[in-house]
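Peer 1: Take a look at target_37.txt, compact mmCIF, C-alpha atoms:
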```txt
# COMPACT_ATOMS: atom_id res chain seq x y z
CA MET A 1094 2.30 18.54 -4.35
CA ILE A 1095 4.81 20.22 -6.67
CA LEU A 1096 4.46 23.82 -7.78
CA GLU A 1097 6.39 24.60 -10.94
CA LYS A 1098 9.22 26.91 -9.95
CA SER A 1099 8.65 29.64 -12.49
CA TRP A 1100 5.86 31.26 -14.42
CA ARG A 1101 6.07 30.95 -18.16
CA TYR A 1102 4.44 32.19 -21.31
CA GLU A 1103 2.67 29.74 -23.59
CA LYS A 1104 1.99 30.84 -27.15
CA LYS A 1105 -0.36 28.62 -29.15
CA TYR A 1106 -0.76 28.21 -32.90
CA LEU A 1107 -3.26 26.23 -34.95
CA ILE A 1108 -1.60 24.62 -37.96
CA ASP A 1109 -3.64 23.46 -40.93
CA LYS A 1110 -2.60 19.92 -41.77
CA SER A 1111 -1.76 20.96 -45.32
CA GLU A 1112 1.04 23.07 -43.78
CA ARG A 1113 2.52 20.31 -41.62
CA ILE A 1114 5.68 19.58 -43.66
CA TYR A 1115 6.36 23.28 -44.26
CA VAL A 1116 5.91 24.23 -40.59
CA GLN A 1117 8.06 21.38 -39.26
CA ALA A 1118 10.81 22.46 -41.65
CA LEU A 1119 10.38 26.03 -40.38
CA ILE A 1120 10.84 24.82 -36.80
CA ARG A 1121 14.12 23.08 -37.57
CA ASN A 1122 15.65 25.45 -40.09
CA ASN A 1123 16.38 28.77 -38.41
CA LYS A 1124 19.17 30.25 -36.35
CA PHE A 1125 17.67 28.90 -33.11
CA LEU A 1126 18.47 25.33 -34.22
CA PHE A 1127 15.52 23.53 -32.63
CA LYS A 1128 16.19 19.84 -32.03
CA GLU A 1129 13.90 17.10 -30.80
CA LYS A 1130 14.37 16.81 -27.04
CA PHE A 1131 12.46 13.56 -26.39
CA LYS A 1132 10.96 10.83 -28.48
CA LYS A 1133 7.41 11.63 -29.45
CA ARG A 1134 4.82 10.18 -27.10
CA LYS A 1135 1.11 9.80 -26.62
CA VAL A 1136 -0.38 12.35 -24.24
CA ARG A 1137 -3.70 11.60 -22.55
CA SER A 1138 -5.74 13.97 -20.37
CA ILE A 1139 -9.14 13.92 -18.70
CA TYR A 1140 -10.48 17.40 -17.95
CA PHE A 1141 -12.68 18.01 -14.92
CA ASP A 1142 -15.05 20.86 -14.19
CA ASP A 1143 -17.78 21.65 -11.67
CA LEU A 1144 -21.53 21.56 -12.27
CA ASN A 1145 -21.48 25.23 -13.29
CA PHE A 1146 -18.72 24.72 -15.88
CA SER A 1147 -16.68 27.35 -14.03
CA SER A 1148 -13.35 26.54 -15.73
CA TYR A 1149 -15.03 26.60 -19.12
CA TYR A 1150 -16.66 30.00 -18.61
CA GLU A 1151 -13.56 31.53 -17.01
CA ASN A 1152 -11.68 30.65 -20.19
CA ILE A 1153 -14.42 31.81 -22.57
CA GLU A 1154 -14.66 35.13 -20.75
CA GLY A 1155 -10.87 35.53 -20.83
CA LEU A 1156 -10.47 36.06 -17.08
CA SER A 1157 -6.88 36.91 -16.23
CA ASP A 1158 -6.86 34.56 -13.22
CA ARG A 1159 -8.27 31.09 -13.82
CA LYS A 1160 -7.68 27.36 -13.38
CA LYS A 1161 -8.21 24.17 -15.32
CA TYR A 1162 -8.20 20.72 -13.74
CA ARG A 1163 -6.89 17.66 -15.54
CA LEU A 1164 -5.57 14.17 -14.99
CA ARG A 1165 -2.64 13.54 -17.35
CA TRP A 1166 -0.68 10.43 -18.30
CA TYR A 1167 1.47 9.17 -21.16
CA GLY A 1168 0.78 6.09 -23.25
CA ASP A 1169 -2.36 4.33 -24.39
CA THR A 1170 -5.75 5.50 -23.18
CA PHE A 1171 -7.04 2.20 -21.85
CA LYS A 1172 -3.95 0.58 -20.35
CA GLU A 1173 -2.69 0.86 -16.79
CA SER A 1174 -0.53 3.93 -16.31
CA SER A 1175 2.19 4.38 -13.70
CA ASN A 1176 3.08 7.94 -14.74
CA ALA A 1177 -0.20 9.77 -14.13
CA GLN A 1178 -0.43 13.09 -12.35
CA PHE A 1179 -3.24 15.46 -11.50
CA GLU A 1180 -2.63 19.05 -12.51
CA PHE A 1181 -4.12 22.43 -11.69
CA LYS A 1182 -3.25 24.53 -14.75
CA ILE A 1183 -3.04 28.08 -13.41
CA LYS A 1184 -3.33 31.22 -15.52
CA CYS A 1185 -2.32 34.56 -14.01
CA ASN A 1186 -2.49 37.48 -16.41
CA LYS A 1187 -0.54 36.21 -19.43
CA THR A 1188 1.66 33.64 -17.67
CA ASN A 1189 1.07 30.03 -16.66
CA SER A 1190 2.15 27.64 -13.96
CA LYS A 1191 0.98 24.32 -12.50
CA GLU A 1192 0.30 22.59 -9.24
CA ILE A 1193 1.07 18.90 -9.72
CA PHE A 1194 -0.09 15.97 -7.60
CA LYS A 1195 1.33 12.47 -7.96
CA VAL A 1196 -1.25 9.79 -8.75
CA ASN A 1197 -0.92 6.05 -8.11
CA ASN A 1198 -1.28 3.51 -10.90
CA ILE A 1199 -4.58 4.01 -12.68
CA HIS A 1200 -6.38 2.00 -15.37
CA PHE A 1201 -9.36 3.28 -17.32
CA ASP A 1202 -11.62 1.05 -19.37
CA ILE A 1203 -13.50 1.77 -22.57
CA LYS A 1204 -16.67 0.80 -20.65
CA ASP A 1205 -16.12 3.48 -18.00
CA ASN A 1206 -18.41 6.45 -17.45
CA CYS A 1207 -18.23 9.68 -15.47
CA LYS A 1208 -18.99 7.94 -12.17
CA THR A 1209 -16.41 5.15 -12.52
CA ILE A 1210 -13.74 7.56 -13.85
CA LEU A 1211 -14.19 9.82 -10.83
CA GLU A 1212 -14.12 6.82 -8.45
CA LYS A 1213 -10.93 5.45 -10.00
CA THR A 1214 -9.29 8.87 -9.86
CA LEU A 1215 -10.21 9.40 -6.21
CA ASN A 1216 -8.97 5.90 -5.30
CA SER A 1217 -5.60 6.60 -6.93
CA ILE A 1218 -4.96 9.77 -4.90
CA ASN A 1219 -3.48 9.97 -1.41
CA ASN A 1220 -3.62 13.74 -0.98
CA ASN A 1221 -6.65 14.75 1.12
CA GLU A 1222 -6.63 18.34 -0.17
CA LEU A 1223 -6.90 17.12 -3.75
CA LYS A 1224 -9.60 14.59 -2.87
CA TYR A 1225 -11.66 17.36 -1.29
CA ILE A 1226 -11.41 19.48 -4.44
CA LEU A 1227 -12.11 16.55 -6.76
CA LYS A 1228 -15.33 15.68 -4.98
CA LYS A 1229 -16.70 19.01 -6.21
CA LEU A 1230 -15.73 18.25 -9.82
CA ARG A 1231 -16.71 15.75 -12.50
CA PRO A 1232 -14.83 14.34 -15.48
CA LEU A 1233 -16.09 15.70 -18.80
CA VAL A 1234 -13.76 14.95 -21.71
CA PHE A 1235 -10.78 12.87 -22.76
CA VAL A 1236 -8.21 14.67 -24.92
CA GLU A 1237 -5.69 12.51 -26.80
CA TYR A 1238 -2.81 13.38 -29.11
CA GLU A 1239 0.78 12.62 -30.07
CA ARG A 1240 3.37 15.18 -29.04
CA ILE A 1241 6.79 15.93 -30.51
CA TYR A 1242 9.13 17.90 -28.22
CA PHE A 1243 11.65 20.46 -29.45
CA GLU A 1244 14.12 22.68 -27.62
CA SER A 1245 16.16 25.59 -28.97
CA PHE A 1246 19.94 25.32 -29.05
CA CYS A 1247 20.15 27.98 -26.33
CA ARG A 1248 17.71 25.85 -24.27
CA ASN A 1249 15.58 28.90 -23.43
CA ILE A 1250 12.62 28.10 -25.68
CA ARG A 1251 10.61 24.87 -25.78
CA LEU A 1252 8.26 24.01 -28.59
CA THR A 1253 5.77 21.14 -28.76
CA TYR A 1254 3.97 19.90 -31.87
CA ASP A 1255 0.70 18.07 -31.21
CA ASN A 1256 -0.98 15.98 -33.89
CA LYS A 1257 -3.48 13.11 -34.19
CA LEU A 1258 -5.86 14.92 -31.84
CA SER A 1259 -9.03 13.20 -30.72
CA PHE A 1260 -11.74 13.81 -28.12
CA ARG A 1261 -14.05 11.51 -26.15
CA ARG A 1262 -16.91 12.17 -23.79
CA ALA A 1263 -16.14 10.92 -20.28
CA SER A 1264 -19.74 9.72 -20.15
CA ASN A 1265 -19.13 7.39 -23.12
CA PRO A 1266 -15.42 6.94 -23.97
CA ARG A 1267 -16.17 4.20 -26.51
CA ILE A 1268 -16.74 6.86 -29.16
CA LYS A 1269 -13.67 8.74 -30.36
CA SER A 1270 -13.92 11.88 -32.47
CA SER A 1271 -10.70 12.50 -34.40
CA ILE A 1272 -9.66 16.00 -35.42
CA PHE A 1273 -8.38 15.93 -38.99
CA LYS A 1274 -8.37 19.65 -39.72
CA TYR A 1275 -5.51 21.01 -37.64
CA ASP A 1276 -2.48 20.37 -35.42
CA VAL A 1277 -1.39 22.51 -32.46
CA ILE A 1278 1.96 24.10 -31.70
CA GLU A 1279 2.83 25.53 -28.28
CA ILE A 1280 5.91 27.68 -27.70
CA LYS A 1281 6.88 27.90 -24.03
CA TYR A 1282 9.46 30.07 -22.33
CA ALA A 1283 10.11 31.60 -18.94
CA SER A 1284 8.89 35.13 -18.43
CA TYR A 1285 12.50 36.41 -18.31
CA ASN A 1286 13.15 34.99 -21.82
CA GLU A 1287 10.62 37.20 -23.59
CA GLU A 1288 13.36 38.96 -25.54
CA LYS A 1289 14.67 35.67 -26.97
CA PHE A 1290 11.16 34.67 -28.04
CA LEU A 1291 10.63 37.99 -29.81
CA LYS A 1292 13.83 37.39 -31.78
CA TYR A 1293 12.65 33.93 -32.83
CA ILE A 1294 9.05 34.56 -33.76
CA PRO A 1295 9.70 36.45 -37.06
CA TYR A 1296 11.25 33.23 -38.39
CA PHE A 1297 8.19 31.23 -37.42
CA GLN A 1298 5.86 33.40 -39.50
CA LYS A 1299 2.69 32.38 -37.64
CA ARG A 1300 0.28 34.35 -35.50
CA ALA A 1301 -0.52 33.15 -31.99
CA THR A 1302 -4.14 32.50 -31.08
CA ARG A 1303 -6.14 31.70 -27.98
CA ASN A 1304 -6.59 27.96 -27.97
CA SER A 1305 -7.61 25.42 -25.34
CA LYS A 1306 -7.94 21.71 -26.06
CA TYR A 1307 -10.48 21.49 -23.23
CA ILE A 1308 -12.66 24.25 -24.70
CA ASN A 1309 -12.32 22.77 -28.18
CA ALA A 1310 -13.41 19.36 -26.91
CA ILE A 1311 -16.46 20.82 -25.16
CA HIS A 1312 -17.50 22.53 -28.41
CA TYR A 1313 -16.62 19.67 -30.74
CA LEU A 1314 -18.53 17.14 -28.65
CA SER A 1315 -21.50 19.55 -28.18
CA ILE A 1316 -21.44 19.14 -24.40
CA LEU A 1317 -22.82 22.67 -23.95
```
Could you rewrite the structure in this file as structure tokens?

Peer 2:
Amino acid sequence: MILEKSWRYEKKYLIDKSERIYVQALIRNNKFLFKEKFKKRKVRSIYFDDLNFSSYYENIEGLSDRKKYRLRWYGDTFKESSNAQFEFKIKCNKTNSKEIFKVNNIHFDIKDNCKTILEKTLNSINNNELKYILKKLRPLVFVEYERIYFESFCRNIRLTYDNKLSFRRASNPRIKSSIFKYDVIEIKYASYNEEKFLKYIPYFQKRATRNSKYINAIHYLSIL
């Protein structure tokens, strides 16, 4: 298990697709000189929750201390992945961190369902603590998107731009629901870099909002 070394802030922004070109220009053209850090890549996650939808309701109620559970990998949805990891996304007051567990090669199929997804996930994990927790959870939704990574010249602020979002039910991943209306930006920085963020944000000209891809998927797919 790896615990991220520091707590960080994550500010989220919904971007109407009509604003895409303008906003990407805004990201690049300011005194912070954001540059792409990595090549864009496909991000894939399966979110898990218990029978009471505890993670969902903790988020909806805005609890200051809460967790989300997800399996994450990079690449195509239905090809074997060697880079998967299971994450506990931890929220404490206004900052975030993660507990990360390495996962062995895993391969989901478009014919899978909640039962087979959970079985494959459990079989790919060696950590007994994580297996114990997972047995109390169930997979609910796939979240898929392409991510572009930016970093400020001073290297203290990271920004990701997510587009081509789509959701699938874990119970029937054949059907993909694409999100055409908006993209998502996340600005991430360590808690001790708050002052640098406050200097940047006037250039960005957007207002942060509460946003969770997991919550959006639950609503969009009418799971509750």

Peer 1: Can you list, as a list in words, every protein, DNA or RNA residue that comes within 10 Å of stretch 1117-1128 of chain A when you count all atoms listed in the file, leaving out same-chain residues fewer than 5 positions away?

Peer 2: Glu1112, Tyr1242, Phe1243, Glu1244, Ser1245, Phe1246, Cys1247, Arg1248, Asn1249, Ile1250, Arg1251, Leu1252, Tyr1254, Lys1289, Lys1292, Tyr1293, Tyr1296, Phe1297 and Gln1298 of chain A

Peer 1: A:Arg1159: which residues within 10 Å, counting only C-alpha atoms, same-chain residues fewer than 2 positions away excluded, as JSON, numbers by chain?

Peer 2: {"A": [1147, 1148, 1149, 1150, 1151, 1152, 1155, 1156, 1157, 1161, 1181, 1182, 1183, 1184, 1185, 1186, 1189]}

Peer 1: From the list A:Val1236, A:Ile1308, A:Cys1207, A:Ala1263, which residue is nearest A:Arg1137 when using only C-alpha atoms?

Peer 2: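 Using only C-alpha atoms, the shortest distance to A:Arg1137 belongs to A:Val1236.
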
Peer 1: Using all atoms listed in the file, can you tell me which of A:Phe1235, A:Trp1100, A:Trp1166, A:Phe1260 comes closest to A:His1200?

Peer 2: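 Once distances to A:His1200 are computed over all atoms listed in the file, the minimum belongs to A:Trp1166.
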
Peer 1: Pick from A:Ser1259, A:Asn1265, A:Asn1309, A:Ser1099: nearest to A:Thr1209, with all atoms listed in the file counted?

Peer 2: A:Asn1265

Peer 1: Ranking A:Ile1311, A:Ile1203, A:Ala1301, A:Leu1258 by minimum distance to A:Tyr1238 and counting only C-alpha atoms, which one comes first?

Peer 2: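 Under the stated criterion, the closest residue is A:Leu1258.
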
Peer 1: Just write stretch 1185-1233 of chain A with C-alpha atoms, as a PDB file, in the first residue's frame, taken from the block above.

Peer 2:
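As a result, decode23.pdb now contains:
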```pdb
ATOM      1  CA  CYS A1185     -10.533  15.351   4.996  1.00  0.00           C
ATOM      2  CA  ASN A1186     -12.062  18.789   5.371  1.00  0.00           C
ATOM      3  CA  LYS A1187     -11.090  20.503   2.102  1.00  0.00           C
ATOM      4  CA  THR A1188      -7.989  18.453   1.258  1.00  0.00           C
ATOM      5  CA  ASN A1189      -7.529  15.104  -0.475  1.00  0.00           C
ATOM      6  CA  SER A1190      -5.154  12.184  -0.386  1.00  0.00           C
ATOM      7  CA  LYS A1191      -5.121   8.547  -1.529  1.00  0.00           C
ATOM      8  CA  GLU A1192      -4.282   5.081  -0.349  1.00  0.00           C
ATOM      9  CA  ILE A1193      -3.078   3.111  -3.365  1.00  0.00           C
ATOM     10  CA  PHE A1194      -2.872  -0.655  -3.767  1.00  0.00           C
ATOM     11  CA  LYS A1195      -1.062  -2.334  -6.655  1.00  0.00           C
ATOM     12  CA  VAL A1196      -3.225  -4.661  -8.742  1.00  0.00           C
ATOM     13  CA  ASN A1197      -2.017  -7.525 -10.940  1.00  0.00           C
ATOM     14  CA  ASN A1198      -2.871  -7.696 -14.638  1.00  0.00           C
ATOM     15  CA  ILE A1199      -6.616  -7.474 -15.109  1.00  0.00           C
ATOM     16  CA  HIS A1200      -8.847  -7.875 -18.163  1.00  0.00           C
ATOM     17  CA  PHE A1201     -12.504  -6.892 -18.257  1.00  0.00           C
ATOM     18  CA  ASP A1202     -14.896  -8.011 -20.961  1.00  0.00           C
ATOM     19  CA  ILE A1203     -17.875  -6.233 -22.455  1.00  0.00           C
ATOM     20  CA  LYS A1204     -19.945  -9.272 -21.374  1.00  0.00           C
ATOM     21  CA  ASP A1205     -18.993  -8.846 -17.710  1.00  0.00           C
ATOM     22  CA  ASN A1206     -21.437  -7.982 -14.941  1.00  0.00           C
ATOM     23  CA  CYS A1207     -21.168  -6.901 -11.315  1.00  0.00           C
ATOM     24  CA  LYS A1208     -20.394 -10.428 -10.117  1.00  0.00           C
ATOM     25  CA  THR A1209     -17.646 -11.181 -12.645  1.00  0.00           C
ATOM     26  CA  ILE A1210     -16.093  -7.700 -12.247  1.00  0.00           C
ATOM     27  CA  LEU A1211     -15.852  -8.176  -8.486  1.00  0.00           C
ATOM     28  CA  GLU A1212     -14.415 -11.694  -8.919  1.00  0.00           C
ATOM     29  CA  LYS A1213     -11.772 -10.495 -11.376  1.00  0.00           C
ATOM     30  CA  THR A1214     -10.835  -7.608  -9.110  1.00  0.00           C
ATOM     31  CA  LEU A1215     -10.499  -9.840  -6.048  1.00  0.00           C
ATOM     32  CA  ASN A1216      -8.408 -12.355  -8.018  1.00  0.00           C
ATOM     33  CA  SER A1217      -6.010  -9.614  -9.118  1.00  0.00           C
ATOM     34  CA  ILE A1218      -5.284  -8.433  -5.558  1.00  0.00           C
ATOM     35  CA  ASN A1219      -2.737  -9.907  -3.153  1.00  0.00           C
ATOM     36  CA  ASN A1220      -3.395  -7.607  -0.202  1.00  0.00           C
ATOM     37  CA  ASN A1221      -5.629  -9.329   2.378  1.00  0.00           C
ATOM     38  CA  GLU A1222      -6.710  -6.045   3.978  1.00  0.00           C
ATOM     39  CA  LEU A1223      -7.988  -4.771   0.636  1.00  0.00           C
ATOM     40  CA  LYS A1224      -9.705  -8.076  -0.160  1.00  0.00           C
ATOM     41  CA  TYR A1225     -11.547  -7.904   3.164  1.00  0.00           C
ATOM     42  CA  ILE A1226     -12.803  -4.393   2.394  1.00  0.00           C
ATOM     43  CA  LEU A1227     -13.732  -5.254  -1.195  1.00  0.00           C
ATOM     44  CA  LYS A1228     -15.911  -8.155  -0.129  1.00  0.00           C
ATOM     45  CA  LYS A1229     -18.197  -5.589   1.510  1.00  0.00           C
ATOM     46  CA  LEU A1230     -18.436  -3.523  -1.688  1.00  0.00           C
ATOM     47  CA  ARG A1231     -19.825  -3.965  -5.191  1.00  0.00           C
ATOM     48  CA  PRO A1232     -18.892  -2.401  -8.519  1.00  0.00           C
ATOM     49  CA  LEU A1233     -21.455   0.121  -9.738  1.00  0.00           C
TER      50      LEU A1233
END
```
